[in-house]
Amino acid sequence: MRIATWNVNSLKVRLPHVLDWLAVNQPDVLCLQETKQEDSQFPLVALQQAGYQAVFSGQKTYNGVAIISKTGATDVGYGLPNFPDEQKRLIAATVLGVRMVCVYVPNGQSVDSDKYRYKLAWLDALREWLKEELVRYPELALLGDYNIAPEDRDVYDSQAWAGNVLVSAPERAAFHALEQLGLRDSFRLFEQPEKSYSWWDYRMLAFRRNMGLRIDHILFSAPLARVCTGCSIDRAPRKLERPSDHAPVTAELVG
DNA sequence: ATGGCTTCATAGTGAAGA
């Protein structure tokens with residue numbers, strides 16, 4: 001089973017890239033973030049023609065999440081039940097017996113911002129809710145744009161970024177609190193190239209210079225981590241014309 | 001250099017992203 005996550009930064013703009021990527025990579029599940037589309041505009045027909053089904057929760061301009069899968073998704077959940085929120089940042093569904101939780105964690109903007117406090121509160125609610133969700137669904141994958149680089153090696157210039165949003169100690173503590181629920185960062189279950197990142201700023205020729213951060217993650221509960229055989233970041237779509245600033249992350253499960 | 005791009009909502013610019 002191949003499952004993936006990709007912040008597409010507008011599904012309307014990126015639909016051709018998504019369709020091409022599905023055709024080449026044939027994942028069983030692809031979680032999307034920042035679709036930036038109301039549900040009435042979601043390109044369900046194009047995806048169905050490509051052999052996929054989808055569940056989605058979107059809004060105009062910002063946010064928006066979706067779970068695309070070859071087989072149907074059941075028991076769809078929208079948002080955090082313990083954190084009422086207008087922003088469409090979470091969708092959960094069961095696919096092939098695995099609970100997929102697709103998240104677009106708030107960015108936070110800067111550590112002195114109200115948006116930063118909202119980010120930490122959102123992450124706290126996520127952790128509280130996941131405690132119960134993991135009891136209901138022991139085979140659980142938490143995929144998405146976390147907007148957190150968990151360690152210094154996930155940052156191209158950790159000195160320059162020290163204390164900044166995306167790398168600050170409270171954000172990293174929130175990430176590690178998720179790991180303390182038993183979730184494992186699938187990327188770090190395997191040897192990886194140095195300077196592996198999943199996001200590069202559009203400015204500064206950042207991609208060409210590999211000035212990136214690893215902020216998109218696939219975390220697995222213990223039963224899934226045991227059968228995970230690989231995790232990788234695909235830089236190819238970042239090289240296309242009009243790319244998303246994020247690259248897709250893919251993990252493989254057997255059994 | 002506190003910008004640099006990109007998207008979206010707009011019909012000039014401004015917000016937001018990370």
# chains A, B, ... in the order shown; residues from 1 in each chain; ligands from 1

call {"tool": "select_by_dssp", "arguments": {"residues": "segment 93-155 of chain A", "states": "strand (DSSP E)", "output": "PyMOL selection string"}}
result
chain A and resi 93-95+98-104+140-145

call {"tool": "closest_atom_pairs", "arguments": {"of": "chain B", "to": "chain A", "cutoff": "6 Å", "atoms": "only C-alpha atoms (C1' of nucleotides)", "output": "CSV"}}
result
residue,atom,partner,partner_atom,distance
B:DG4,C1',A:Arg203,CA,5.1
B:DC5,C1',A:Tyr202,CA,4.7
B:DC8,C1',A:Thr61,CA,5.6

call {"tool": "write_last_selection", "arguments": {"atoms": "C-alpha atoms (C1' of nucleotides)", "output": "compact mmCIF listing (two decimals), in the first residue's frame"}}
result
# COMPACT_ATOMS: atom_id res chain seq x y z
C1' DG B 4 12.72 38.29 -2.71
C1' DC B 5 7.45 34.65 -5.22
C1' DC B 8 -6.46 34.76 -4.22

call {"tool": "residues_around", "arguments": {"residues": "Val111 of chain A", "least_positions_apart": "5", "cutoff": "12 Å", "atoms": "only C-alpha atoms (C1' of nucleotides)", "output": "PyMOL selection string"}}
result
chain A and resi 116-120+161-171

call {"tool": "atom_distance", "arguments": {"atom1": "atom CA of Ser221 of chain A", "atom2": "atom CA of Ile91 of chain A"}}
result
17.5 Å

call {"tool": "residues_around", "arguments": {"residues": "Leu224 of chain A", "least_positions_apart": "5", "cutoff": "8 Å", "atoms": "only C-alpha atoms (C1' of nucleotides)", "output": "list in words"}}
result
Glu139, Leu140, Ala141 and Leu253 of chain A
